[in-house]
file data25.cif (mmCIF, C-alpha atoms)
data_data
#
loop_
_atom_site.label_atom_id
_atom_site.label_comp_id
_atom_site.auth_asym_id
_atom_site.auth_seq_id
_atom_site.Cartn_x
_atom_site.Cartn_y
_atom_site.Cartn_z
CA MET A 1 170.05 22.09 153.82
CA TRP A 2 166.67 23.72 153.29
CA THR A 3 166.18 27.47 153.34
CA SER A 4 162.77 28.87 154.21
CA PHE A 5 161.07 31.69 152.32
CA ASP A 6 157.66 33.30 152.39
CA GLY A 7 155.60 32.47 149.31
CA THR A 8 152.26 33.23 147.74
CA LEU A 9 149.96 30.94 145.79
CA GLU A 10 149.03 32.46 142.45
CA SER A 11 147.31 31.43 139.25
CA ARG A 12 149.32 31.11 136.07
CA THR A 13 146.48 32.80 134.20
CA LEU A 14 144.71 35.79 135.69
CA GLU A 15 142.14 37.91 133.86
CA THR A 16 141.32 41.29 135.37
CA ILE A 17 137.81 42.61 134.78
CA ALA A 18 137.19 46.32 134.26
CA SER A 19 134.37 48.51 133.02
CA ARG A 20 134.27 49.33 129.31
CA VAL A 21 131.43 51.85 129.70
CA GLN A 22 132.34 55.46 128.98
CA GLY A 23 132.23 57.55 132.14
CA ARG A 24 131.29 56.35 135.61
CA ALA A 25 129.20 53.19 135.67
CA THR A 26 127.14 52.10 138.66
CA ILE A 27 127.15 48.38 139.43
CA VAL A 28 123.67 46.91 139.87
CA ASP A 29 124.56 43.21 139.91
CA LEU A 30 127.65 41.16 140.74
CA ALA A 31 128.48 37.48 140.50
CA ALA A 32 129.10 36.01 143.94
CA GLU A 33 132.71 36.07 145.07
CA GLY A 34 134.28 32.64 144.92
CA LEU A 35 131.87 31.47 142.20
CA ALA A 36 133.43 29.30 139.50
CA VAL A 37 132.29 30.71 136.17
CA ARG A 38 132.59 29.52 132.60
CA ARG A 39 133.44 31.62 129.62
CA GLY A 40 130.50 33.81 128.60
CA GLU A 41 128.71 33.79 131.97
CA VAL A 42 127.62 37.15 133.39
CA LEU A 43 130.02 38.68 135.90
CA ALA A 44 128.47 42.11 136.45
CA ARG A 45 125.76 44.45 135.22
CA PHE A 46 125.80 48.25 135.20
CA ASP A 47 122.91 50.70 135.38
CA ASP A 48 121.85 51.28 131.75
CA SER A 49 118.79 53.48 132.24
CA THR A 50 120.49 56.65 130.97
CA LEU A 51 121.97 54.84 127.99
CA ALA A 52 118.62 53.23 127.16
CA ALA A 53 116.93 56.65 127.08
CA GLU A 54 119.75 58.04 124.95
CA SER A 55 119.37 55.09 122.58
CA VAL A 56 115.68 55.87 122.08
CA ARG A 57 116.46 59.53 121.39
CA LEU A 58 119.13 58.66 118.86
CA GLU A 59 116.87 56.13 117.15
CA ASN A 60 114.35 58.93 116.63
CA GLU A 61 117.09 61.23 115.32
CA LEU A 62 118.26 58.56 112.89
CA ALA A 63 114.68 58.01 111.67
CA ARG A 64 114.26 61.76 111.08
CA ALA A 65 117.60 61.99 109.28
CA ASP A 66 116.67 59.03 107.08
CA ALA A 67 113.29 60.61 106.29
CA ASP A 68 114.91 63.97 105.46
CA LEU A 69 117.37 62.24 103.13
CA ASP A 70 114.60 60.30 101.38
CA ALA A 71 112.48 63.44 100.99
CA LEU A 72 115.41 65.36 99.58
CA GLU A 73 116.61 62.59 97.26
CA PHE A 74 113.25 61.37 95.94
CA ALA A 75 110.97 64.42 96.24
CA GLU A 76 112.47 67.87 96.76
CA ILE A 77 115.37 67.68 94.31
CA PRO A 78 113.48 65.82 91.53
CA LEU A 79 110.51 68.21 91.83
CA ALA A 80 112.77 71.25 91.76
CA GLN A 81 114.57 69.87 88.70
CA ARG A 82 111.30 69.22 86.85
CA ASP A 83 109.91 72.67 87.72
CA LEU A 84 113.08 74.30 86.48
CA GLU A 85 113.09 72.23 83.27
CA ALA A 86 109.47 73.19 82.62
CA GLU A 87 110.25 76.87 83.17
CA ILE A 88 113.24 76.64 80.82
CA ALA A 89 111.11 74.96 78.16
CA GLU A 90 108.43 77.63 78.49
CA VAL A 91 110.90 80.53 78.24
CA ARG A 92 112.65 78.86 75.29
CA SER A 93 109.28 78.50 73.53
CA GLN A 94 108.44 82.13 74.23
CA ALA A 95 111.82 83.22 72.91
CA GLU A 96 111.36 81.22 69.72
CA THR A 97 107.88 82.67 69.22
CA GLU A 98 109.07 86.23 69.78
CA GLN A 99 112.00 85.62 67.41
CA ALA A 100 109.55 84.48 64.70
CA VAL A 101 107.39 87.57 65.31
CA LEU A 102 110.48 89.78 65.14
CA THR A 103 111.55 88.27 61.83
CA GLU A 104 108.09 88.83 60.39
CA SER A 105 108.02 92.40 61.76
CA GLN A 106 111.35 93.17 60.16
CA GLU A 107 109.98 92.08 56.77
CA LEU A 108 106.89 94.21 57.24
CA THR A 109 108.98 97.19 58.27
CA ALA A 110 111.05 96.84 55.14
CA ARG A 111 107.82 97.07 53.17
CA LYS A 112 106.78 100.12 55.24
CA LEU A 113 103.76 98.29 56.64
CA ILE A 114 104.60 98.70 60.36
CA PRO A 115 106.64 101.34 62.19
CA GLU A 116 110.25 100.74 63.23
CA ARG A 117 109.40 101.13 66.93
CA GLU A 118 107.44 97.86 66.91
CA VAL A 119 110.51 96.07 65.56
CA GLU A 120 112.63 97.63 68.28
CA GLN A 121 110.15 96.48 70.91
CA GLY A 122 110.28 93.00 69.45
CA ARG A 123 114.07 93.00 69.66
CA ARG A 124 113.94 94.00 73.32
CA ARG A 125 111.45 91.20 74.11
CA VAL A 126 113.61 88.60 72.34
CA ALA A 127 116.75 89.85 74.18
CA ALA A 128 114.95 89.72 77.53
CA LEU A 129 113.68 86.20 76.92
CA ARG A 130 117.12 85.02 75.82
CA ALA A 131 118.72 86.57 78.92
CA ARG A 132 116.07 84.88 81.07
CA LEU A 133 116.76 81.57 79.30
CA ASP A 134 120.52 81.92 79.85
CA GLN A 135 119.90 82.69 83.52
CA LEU A 136 117.67 79.63 83.98
CA GLU A 137 120.10 77.30 82.17
CA GLN A 138 122.98 78.60 84.27
CA ARG A 139 120.93 78.06 87.40
CA GLN A 140 120.12 74.52 86.27
CA THR A 141 123.83 73.80 85.76
CA LEU A 142 124.82 75.17 89.17
CA LEU A 143 122.03 73.33 90.96
CA ASP A 144 122.84 69.99 89.30
CA LYS A 145 126.59 70.36 89.74
CA HIS A 146 126.89 71.96 93.18
CA ALA A 147 123.76 72.79 95.19
CA HIS A 148 121.86 69.51 94.94
CA PRO A 149 124.93 67.28 95.54
CA ALA A 150 125.88 69.45 98.53
CA LYS A 151 122.40 69.07 100.04
CA LEU A 152 122.51 65.32 99.51
CA ALA A 153 126.01 65.11 101.01
CA ARG A 154 124.88 67.02 104.13
CA ALA A 155 121.81 64.85 104.49
CA ARG A 156 123.84 61.65 104.10
CA ALA A 157 126.40 62.96 106.61
CA ASP A 158 123.59 63.61 109.09
CA VAL A 159 122.38 60.03 108.62
CA SER A 160 125.90 58.65 109.04
CA ALA A 161 126.50 60.72 112.17
CA ALA A 162 123.19 59.67 113.70
CA ARG A 163 123.87 56.03 112.87
CA ALA A 164 127.40 56.21 114.36
CA GLN A 165 126.13 57.83 117.56
CA LEU A 166 123.42 55.23 117.88
CA GLY A 167 125.94 52.44 117.27
CA GLN A 168 128.20 53.84 119.97
CA VAL A 169 125.38 53.99 122.49
CA ARG A 170 124.26 50.48 121.58
CA LEU A 171 127.84 49.30 122.13
CA GLN A 172 127.81 50.99 125.54
CA LEU A 173 124.55 49.22 126.33
CA THR A 174 126.20 45.93 125.41
CA ASN A 175 129.15 46.85 127.64
CA CYS A 176 126.75 47.29 130.55
CA VAL A 177 126.79 43.49 130.80
CA LEU A 178 130.23 42.07 131.55
CA ARG A 179 130.79 38.42 130.70
CA ALA A 180 133.64 36.14 131.66
CA PRO A 181 136.32 36.04 128.94
CA VAL A 182 137.74 32.80 130.38
CA GLU A 183 136.91 30.17 132.97
CA GLY A 184 137.95 31.13 136.47
CA LEU A 185 137.10 31.90 140.05
CA VAL A 186 135.42 35.24 140.85
CA VAL A 187 137.63 37.39 143.08
CA TYR A 188 136.62 40.94 144.09
CA LEU A 189 139.36 43.55 143.92
CA PRO A 190 139.51 46.52 146.31
CA ILE A 191 138.58 49.94 144.94
CA TYR A 192 138.39 53.44 146.40
CA ALA A 193 134.78 54.13 147.33
CA GLY A 194 134.66 57.57 148.91
CA THR A 195 137.07 57.42 151.84
CA GLU A 196 137.09 53.62 151.90
CA TYR A 197 139.41 51.20 150.16
CA ARG A 198 137.55 47.92 150.08
CA PRO A 199 136.34 45.13 147.81
CA VAL A 200 133.80 46.20 145.22
CA ARG A 201 130.08 45.77 145.90
CA VAL A 202 126.71 46.52 144.33
CA GLY A 203 126.05 50.25 144.18
CA ASP A 204 129.67 51.26 143.66
CA ALA A 205 130.57 53.44 140.68
CA VAL A 206 133.67 52.50 138.69
CA PHE A 207 135.56 54.28 135.96
CA PRO A 208 136.50 52.95 132.51
CA ASN A 209 139.40 50.46 132.61
CA GLN A 210 139.35 50.39 136.43
CA PRO A 211 139.87 46.75 137.51
CA PHE A 212 137.38 45.67 140.14
CA MET A 213 137.33 41.90 139.68
CA ALA A 214 139.78 39.14 138.77
CA LEU A 215 139.35 35.65 137.35
CA PRO A 216 142.25 33.42 138.43
CA ASP A 217 142.25 29.87 137.09
CA PRO A 218 142.22 27.64 140.22
CA SER A 219 143.23 24.59 138.20
CA ASN A 220 146.58 26.05 137.16
CA LEU A 221 148.39 27.35 140.23
CA LEU A 222 152.01 28.12 141.01
CA VAL A 223 154.03 29.49 143.91
CA GLN A 224 155.77 32.84 143.82
CA VAL A 225 158.75 33.28 146.15
CA TYR A 226 160.88 36.41 146.56
CA VAL A 227 164.48 35.39 147.20
CA PRO A 228 166.83 37.96 148.80
CA GLU A 229 169.81 38.59 146.58
CA SER A 230 172.09 37.39 149.37
CA ASP A 231 170.54 33.89 149.00
CA LEU A 232 170.30 33.94 145.20
CA ALA A 233 173.51 31.98 144.60
CA ARG A 234 172.00 29.01 146.45
CA VAL A 235 168.71 28.88 144.52
CA ARG A 236 168.78 27.17 141.15
CA PRO A 237 166.06 26.02 138.74
CA GLY A 238 165.23 22.38 139.21
CA GLU A 239 166.01 22.26 142.95
CA ARG A 240 163.45 20.57 145.17
CA ALA A 241 160.92 22.49 147.22
CA ARG A 242 158.60 21.77 150.13
CA ILE A 243 155.47 23.90 150.28
CA GLN A 244 153.40 24.32 153.42
CA PRO A 245 150.18 26.40 153.23
CA LEU A 246 149.84 28.39 156.43
CA ALA A 247 146.10 27.68 156.47
CA PHE A 248 146.70 23.91 156.19
CA PRO A 249 150.04 23.24 157.93
CA ASP A 250 149.55 19.47 157.84
CA ASN A 251 149.32 19.42 154.03
CA VAL A 252 152.88 19.65 152.73
CA LEU A 253 153.27 19.71 148.96
CA THR A 254 156.36 18.87 146.96
CA GLY A 255 157.66 20.77 143.99
CA ALA A 256 160.68 22.26 142.29
CA VAL A 257 162.04 25.68 141.30
CA GLU A 258 160.80 26.38 137.80
CA SER A 259 162.46 29.69 136.98
CA LEU A 260 164.13 32.79 138.39
CA GLY A 261 163.12 36.32 137.49
CA PRO A 262 165.33 38.42 135.18
CA ALA A 263 165.96 41.28 137.62
CA ALA A 264 166.36 42.07 141.29
CA GLN A 265 163.83 44.57 142.58
CA ALA A 266 162.78 46.27 145.80
CA ARG A 267 159.56 45.15 147.47
CA PRO A 268 156.89 47.38 149.01
CA GLY A 269 157.11 47.37 152.80
CA TYR A 270 160.75 46.23 152.84
CA PRO A 271 163.96 48.30 153.13
CA ALA A 272 164.74 50.06 149.88
CA TRP A 273 168.33 48.80 149.87
CA GLN A 274 167.25 45.16 149.93
CA ARG A 275 166.62 43.58 146.53
CA TYR A 276 164.72 40.41 145.76
CA VAL A 277 164.50 38.09 142.78
CA ARG A 278 161.17 36.47 142.01
CA ALA A 279 161.30 32.67 141.84
CA THR A 280 158.50 30.55 140.39
CA VAL A 281 157.93 27.16 141.98
CA ARG A 282 155.75 24.47 140.47
CA PHE A 283 154.22 21.84 142.71
CA GLU A 284 152.40 18.53 142.62
CA GLY A 285 149.16 17.57 144.31
CA GLY A 286 146.87 20.07 145.95
CA GLY A 287 143.12 20.18 145.75
CA PRO A 288 140.06 22.40 146.00
CA TRP A 289 141.18 23.62 149.41
CA LEU A 290 143.90 25.67 147.74
CA ARG A 291 143.01 29.26 146.95
CA PRO A 292 144.93 31.86 144.93
CA GLY A 293 146.52 34.41 147.22
CA MET A 294 147.21 31.96 150.07
CA SER A 295 150.33 32.53 152.13
CA LEU A 296 152.87 29.73 152.13
CA ARG A 297 156.07 28.66 153.76
CA VAL A 298 158.40 27.46 151.04
CA ASP A 299 161.54 25.46 151.87
CA LEU A 300 164.02 25.29 149.02
CA LEU A 301 166.85 22.78 148.93
CA THR A 302 169.84 25.12 148.77
CA VAL A 303 172.72 22.87 149.85
CA GLN A 304 173.15 19.11 149.60
CA ARG A 305 176.23 17.30 150.93
CA GLU A 306 176.84 13.60 151.32
CA GLN A 307 178.79 14.30 154.53
CA ALA A 308 178.95 17.49 156.57
CA VAL A 309 179.64 18.64 160.11
CA LEU A 310 176.81 20.88 161.33
CA ALA A 311 176.83 23.18 164.32
CA PRO A 312 173.94 25.15 165.78
CA ARG A 313 174.07 28.62 164.28
CA ALA A 314 173.50 30.10 167.73
CA ALA A 315 176.80 28.59 168.90
CA ILE A 316 178.82 30.49 166.28
CA ARG A 317 179.84 34.06 166.95
CA TRP A 318 182.19 36.43 165.27
CA ASP A 319 185.40 37.84 166.73
CA SER A 320 187.30 40.39 164.62
CA GLY A 321 185.75 38.96 161.47
CA ALA A 322 186.54 35.33 162.35
CA ALA A 323 184.00 32.67 163.30
CA VAL A 324 184.57 31.17 166.77
CA CYS A 325 182.68 28.93 169.14
CA ARG A 326 183.15 27.49 172.60
CA VAL A 327 183.71 23.71 172.68
CA ARG A 328 183.30 21.71 175.86
CA ASN A 329 186.21 19.68 177.17
CA ARG A 330 187.15 17.99 180.46
CA LEU A 331 188.30 21.28 181.92
CA GLY A 332 185.19 23.24 180.91
CA ALA A 333 185.22 24.91 177.51
CA GLU A 334 187.76 26.21 175.04
CA LEU A 335 187.42 28.94 172.43
CA ARG A 336 188.05 27.58 168.96
CA HIS A 337 188.23 29.19 165.52
CA VAL A 338 185.91 27.60 162.98
CA THR A 339 185.80 27.77 159.20
CA VAL A 340 182.13 27.94 158.26
CA GLY A 341 180.34 27.11 155.02
CA ALA A 342 176.70 27.09 154.06
CA GLY A 343 173.98 27.55 156.62
CA ASN A 344 170.37 28.31 157.32
CA ALA A 345 168.45 29.80 160.23
CA GLN A 346 169.17 26.80 162.52
CA TRP A 347 172.41 25.20 161.36
CA ILE A 348 175.74 26.16 159.83
CA GLU A 349 178.32 23.97 158.14
CA ALA A 350 181.69 23.67 159.90
CA LEU A 351 184.33 23.07 157.23
CA ASP A 352 187.18 23.05 159.76
CA GLY A 353 187.62 23.39 163.51
CA LEU A 354 184.91 21.04 164.71
CA ARG A 355 184.58 17.26 164.71
CA PRO A 356 181.43 15.18 164.76
CA GLY A 357 180.28 14.46 168.29
CA GLU A 358 181.90 17.45 169.95
CA ARG A 359 179.67 19.50 172.21
CA VAL A 360 179.45 23.25 171.74
CA VAL A 361 178.28 25.87 174.17
CA LEU A 362 175.10 27.76 173.36
CA PRO A 363 174.70 31.35 174.60
#
call {"tool": "encode", "arguments": {"input": "data25.cif", "output": "structure tokens"}}
result
Amino acid sequence: MWTSFDGTLESRTLETIASRVQGRATIVDLAAEGLAVRRGEVLARFDDSTLAAESVRLENELARADADLDALEFAEIPLAQRDLEAEIAEVRSQAETEQAVLTESQELTARKLIPEREVEQGRRRVAALRARLDQLEQRQTLLDKHAHPAKLARARADVSAARAQLGQVRLQLTNCVLRAPVEGLVVYLPIYAGTEYRPVRVGDAVFPNQPFMALPDPSNLLVQVYVPESDLARVRPGERARIQPLAFPDNVLTGAVESLGPAAQARPGYPAWQRYVRATVRFEGGGPWLRPGMSLRVDLLTVQREQAVLAPRAAIRWDSGAAVCRVRNRLGAELRHVTVGAGNAQWIEALDGLRPGERVVLP
């Protein structure tokens, strides 16, 4: 006994394609739908004019930051250090000279050759020069330890920031060209474009990570069937299957149930109380006329008996919970209770109450 289900042809491997450009990206080129592409071939291009202009601006900013760093590291700081060292050397020399003059003046004062006020003036000049020398040496220490390294750190940070921003924009420019990650068949996915929900096309703007294209592998197809939970007990992995594409009803494929899904779930468009289990069916044969997404009629072998008495399902009705049917005899027809077993849309198994060859009354 075969039980019929609606099925869908799907690819075992399906790559969805989405934009990796930050912000909205406008499509300027698309690979033709249905085109078989190899890995690395171009699938889509986005408008990169804004990013190209931003890249030029950031290249100029990086060049300026590099130049500022070079000027600071190899010109401004070394020149400032040399100027300060020269000033320190000059003040130190002046202080040493004034100290020598002061020593000589003190000797002359002791001999009453010069007045004491000149010695006092000499002391003040030596003290001022030493204070100036201490100030310059302290400044040199602070500049070498804190100010100059801080300037260099800021300049290097500016270079790093400019380089990172430029690298990000260059990556976005690279992302403006989408290439196939695997071999497959180009399939456009519907997107919301204004008030429309339709397949993507040139001129549409897409958001980051918004799928707009898929690449199913047409050489590795399977059948997906959703089995109502009321029929689940009769569907087992390994059972035979007959597959009939609705577009090609004369091409019947053979296959077998490969696996059953782990959970029963509701399906969109069906009553919420009804649950279905997804069954995967593998098949043999096929050809280029098969397309992912095709609708199929799938007959699964759910019951197999060596001998069975079958009655038309339409002849069986229910009376107070018991199955009955009308059986023709010489006087007309008699009502008979029947014990029923497995069945499908056309036939039902009569376990007791009917014999082969008897005629039943259809409504």
call {"tool": "residues_near_point", "arguments": {"input": "data25.cif", "point": "(172.5, 23.8, 163.6)", "cutoff": "6 Å", "atoms": "only C-alpha atoms", "output": "number ranges by chain"}}
result
A: 310-313, 346-348
call {"tool": "resolve_selection", "arguments": {"input": "data25.cif", "expression": "the PyMOL selection byres ((chain A and resi 172-185) around 7)", "output": "ChimeraX atom specification"}}
result
/A:20-21,34-46,48,51,168-171,186-187,215-218
call {"tool": "write_last_selection", "arguments": {"input": "data25.cif", "atoms": "C-alpha atoms", "output": "mmCIF file, in the frame of the given file"}}
result
data_model
loop_
_atom_site.group_PDB
_atom_site.id
_atom_site.type_symbol
_atom_site.label_atom_id
_atom_site.label_comp_id
_atom_site.auth_asym_id
_atom_site.auth_seq_id
_atom_site.Cartn_x
_atom_site.Cartn_y
_atom_site.Cartn_z
ATOM 1 C CA ARG A 20 134.270 49.330 129.310
ATOM 2 C CA VAL A 21 131.430 51.850 129.700
ATOM 3 C CA GLY A 34 134.280 32.640 144.920
ATOM 4 C CA LEU A 35 131.870 31.470 142.200
ATOM 5 C CA ALA A 36 133.430 29.300 139.500
ATOM 6 C CA VAL A 37 132.290 30.710 136.170
ATOM 7 C CA ARG A 38 132.590 29.520 132.600
ATOM 8 C CA ARG A 39 133.440 31.620 129.620
ATOM 9 C CA GLY A 40 130.500 33.810 128.600
ATOM 10 C CA GLU A 41 128.710 33.790 131.970
ATOM 11 C CA VAL A 42 127.620 37.150 133.390
ATOM 12 C CA LEU A 43 130.020 38.680 135.900
ATOM 13 C CA ALA A 44 128.470 42.110 136.450
ATOM 14 C CA ARG A 45 125.760 44.450 135.220
ATOM 15 C CA PHE A 46 125.800 48.250 135.200
ATOM 16 C CA ASP A 48 121.850 51.280 131.750
ATOM 17 C CA LEU A 51 121.970 54.840 127.990
ATOM 18 C CA GLN A 168 128.200 53.840 119.970
ATOM 19 C CA VAL A 169 125.380 53.990 122.490
ATOM 20 C CA ARG A 170 124.260 50.480 121.580
ATOM 21 C CA LEU A 171 127.840 49.300 122.130
ATOM 22 C CA VAL A 186 135.420 35.240 140.850
ATOM 23 C CA VAL A 187 137.630 37.390 143.080
ATOM 24 C CA LEU A 215 139.350 35.650 137.350
ATOM 25 C CA PRO A 216 142.250 33.420 138.430
ATOM 26 C CA ASP A 217 142.250 29.870 137.090
ATOM 27 C CA PRO A 218 142.220 27.640 140.220
#
call {"tool": "resolve_selection", "arguments": {"input": "data25.cif", "expression": "the PyMOL selection byres ((chain A and resi 299) around 9)", "output": "MDAnalysis selection string"}}
result
chainID A and resid 2:6 240:244 297:298 300:302
call {"tool": "resolve_selection", "arguments": {"input": "data25.cif", "expression": "the PyMOL selection byres ((chain A and resi 119-131) around 12)", "output": "PyMOL selection string"}}
result
chain A and resi 87-110+112-118+132-138
call {"tool": "write_last_selection", "arguments": {"input": "data25.cif", "atoms": "C-alpha atoms", "output": "PDB file, in the coordinates of the input"}}
result
ATOM      1  CA  GLU A  87     110.250  76.870  83.170  1.00  0.00           C
ATOM      2  CA  ILE A  88     113.240  76.640  80.820  1.00  0.00           C
ATOM      3  CA  ALA A  89     111.110  74.960  78.160  1.00  0.00           C
ATOM      4  CA  GLU A  90     108.430  77.630  78.490  1.00  0.00           C
ATOM      5  CA  VAL A  91     110.900  80.530  78.240  1.00  0.00           C
ATOM      6  CA  ARG A  92     112.650  78.860  75.290  1.00  0.00           C
ATOM      7  CA  SER A  93     109.280  78.500  73.530  1.00  0.00           C
ATOM      8  CA  GLN A  94     108.440  82.130  74.230  1.00  0.00           C
ATOM      9  CA  ALA A  95     111.820  83.220  72.910  1.00  0.00           C
ATOM     10  CA  GLU A  96     111.360  81.220  69.720  1.00  0.00           C
ATOM     11  CA  THR A  97     107.880  82.670  69.220  1.00  0.00           C
ATOM     12  CA  GLU A  98     109.070  86.230  69.780  1.00  0.00           C
ATOM     13  CA  GLN A  99     112.000  85.620  67.410  1.00  0.00           C
ATOM     14  CA  ALA A 100     109.550  84.480  64.700  1.00  0.00           C
ATOM     15  CA  VAL A 101     107.390  87.570  65.310  1.00  0.00           C
ATOM     16  CA  LEU A 102     110.480  89.780  65.140  1.00  0.00           C
ATOM     17  CA  THR A 103     111.550  88.270  61.830  1.00  0.00           C
ATOM     18  CA  GLU A 104     108.090  88.830  60.390  1.00  0.00           C
ATOM     19  CA  SER A 105     108.020  92.400  61.760  1.00  0.00           C
ATOM     20  CA  GLN A 106     111.350  93.170  60.160  1.00  0.00           C
ATOM     21  CA  GLU A 107     109.980  92.080  56.770  1.00  0.00           C
ATOM     22  CA  LEU A 108     106.890  94.210  57.240  1.00  0.00           C
ATOM     23  CA  THR A 109     108.980  97.190  58.270  1.00  0.00           C
ATOM     24  CA  ALA A 110     111.050  96.840  55.140  1.00  0.00           C
ATOM     25  CA  LYS A 112     106.780 100.120  55.240  1.00  0.00           C
ATOM     26  CA  LEU A 113     103.760  98.290  56.640  1.00  0.00           C
ATOM     27  CA  ILE A 114     104.600  98.700  60.360  1.00  0.00           C
ATOM     28  CA  PRO A 115     106.640 101.340  62.190  1.00  0.00           C
ATOM     29  CA  GLU A 116     110.250 100.740  63.230  1.00  0.00           C
ATOM     30  CA  ARG A 117     109.400 101.130  66.930  1.00  0.00           C
ATOM     31  CA  GLU A 118     107.440  97.860  66.910  1.00  0.00           C
ATOM     32  CA  ARG A 132     116.070  84.880  81.070  1.00  0.00           C
ATOM     33  CA  LEU A 133     116.760  81.570  79.300  1.00  0.00           C
ATOM     34  CA  ASP A 134     120.520  81.920  79.850  1.00  0.00           C
ATOM     35  CA  GLN A 135     119.900  82.690  83.520  1.00  0.00           C
ATOM     36  CA  LEU A 136     117.670  79.630  83.980  1.00  0.00           C
ATOM     37  CA  GLU A 137     120.100  77.300  82.170  1.00  0.00           C
ATOM     38  CA  GLN A 138     122.980  78.600  84.270  1.00  0.00           C
TER      39      GLN A 138
END
call {"tool": "atom_distance", "arguments": {"input": "data25.cif", "atom1": "atom CA of Ala315 of chain A", "atom2": "atom CA of Val235 of chain A"}}
result
25.7 Å
call {"tool": "atom_distance", "arguments": {"input": "data25.cif", "atom1": "atom CA of Ala205 of chain A", "atom2": "atom CA of Ile27 of chain A"}}
result
6.2 Å
call {"tool": "residues_near_point", "arguments": {"input": "data25.cif", "point": "(171.3, 24.8, 143.4)", "cutoff": "9 Å", "atoms": "only C-alpha atoms", "output": "PyMOL selection string"}}
result
chain A and resi 233-239+301-304
call {"tool": "atom_distance", "arguments": {"input": "data25.cif", "atom1": "atom CA of Arg305 of chain A", "atom2": "atom CA of Met1 of chain A"}}
result
8.3 Å
call {"tool": "closest_residue", "arguments": {"input": "data25.cif", "among": "A:Cys325, A:Lys145, A:Ser259, A:Ala314", "to": "Ala345 of chain A", "atoms": "only C-alpha atoms"}}
result
A:Ala314
call {"tool": "residues_around", "arguments": {"input": "data25.cif", "residues": "Arg330 of chain A", "least_positions_apart": "3", "cutoff": "12 Å", "atoms": "only C-alpha atoms", "output": "list in words"}}
result
Val327, Ala333, Glu334, Glu358 and Arg359 of chain A
call {"tool": "residues_around", "arguments": {"input": "data25.cif", "residues": "segment 279-295 of chain A", "least_positions_apart": "5", "cutoff": "7 Å", "atoms": "only C-alpha atoms", "output": "PyMOL selection string"}}
result
chain A and resi 7-11+218+222-227+245-246+253-261
call {"tool": "closest_residue", "arguments": {"input": "data25.cif", "among": "A:Leu14, A:Ala65, A:Val56, A:Ala150", "to": "Gly167 of chain A", "atoms": "all atoms listed in the file"}}
result
A:Val56
call {"tool": "closest_residue", "arguments": {"input": "data25.cif", "among": "A:Asn60, A:Asn329, A:Gln274, A:Thr50", "to": "Ala162 of chain A", "atoms": "only C-alpha atoms"}}
result
A:Asn60
call {"tool": "closest_residue", "arguments": {"input": "data25.cif", "among": "A:Val159, A:Ala264, A:Val28, A:Leu79", "to": "Glu61 of chain A", "atoms": "all atoms listed in the file"}}
result
A:Val159
call {"tool": "closest_residue", "arguments": {"input": "data25.cif", "among": "A:Arg336, A:Pro190, A:Ala266, A:Arg57", "to": "Asp319 of chain A", "atoms": "all atoms listed in the file"}}
result
A:Arg336
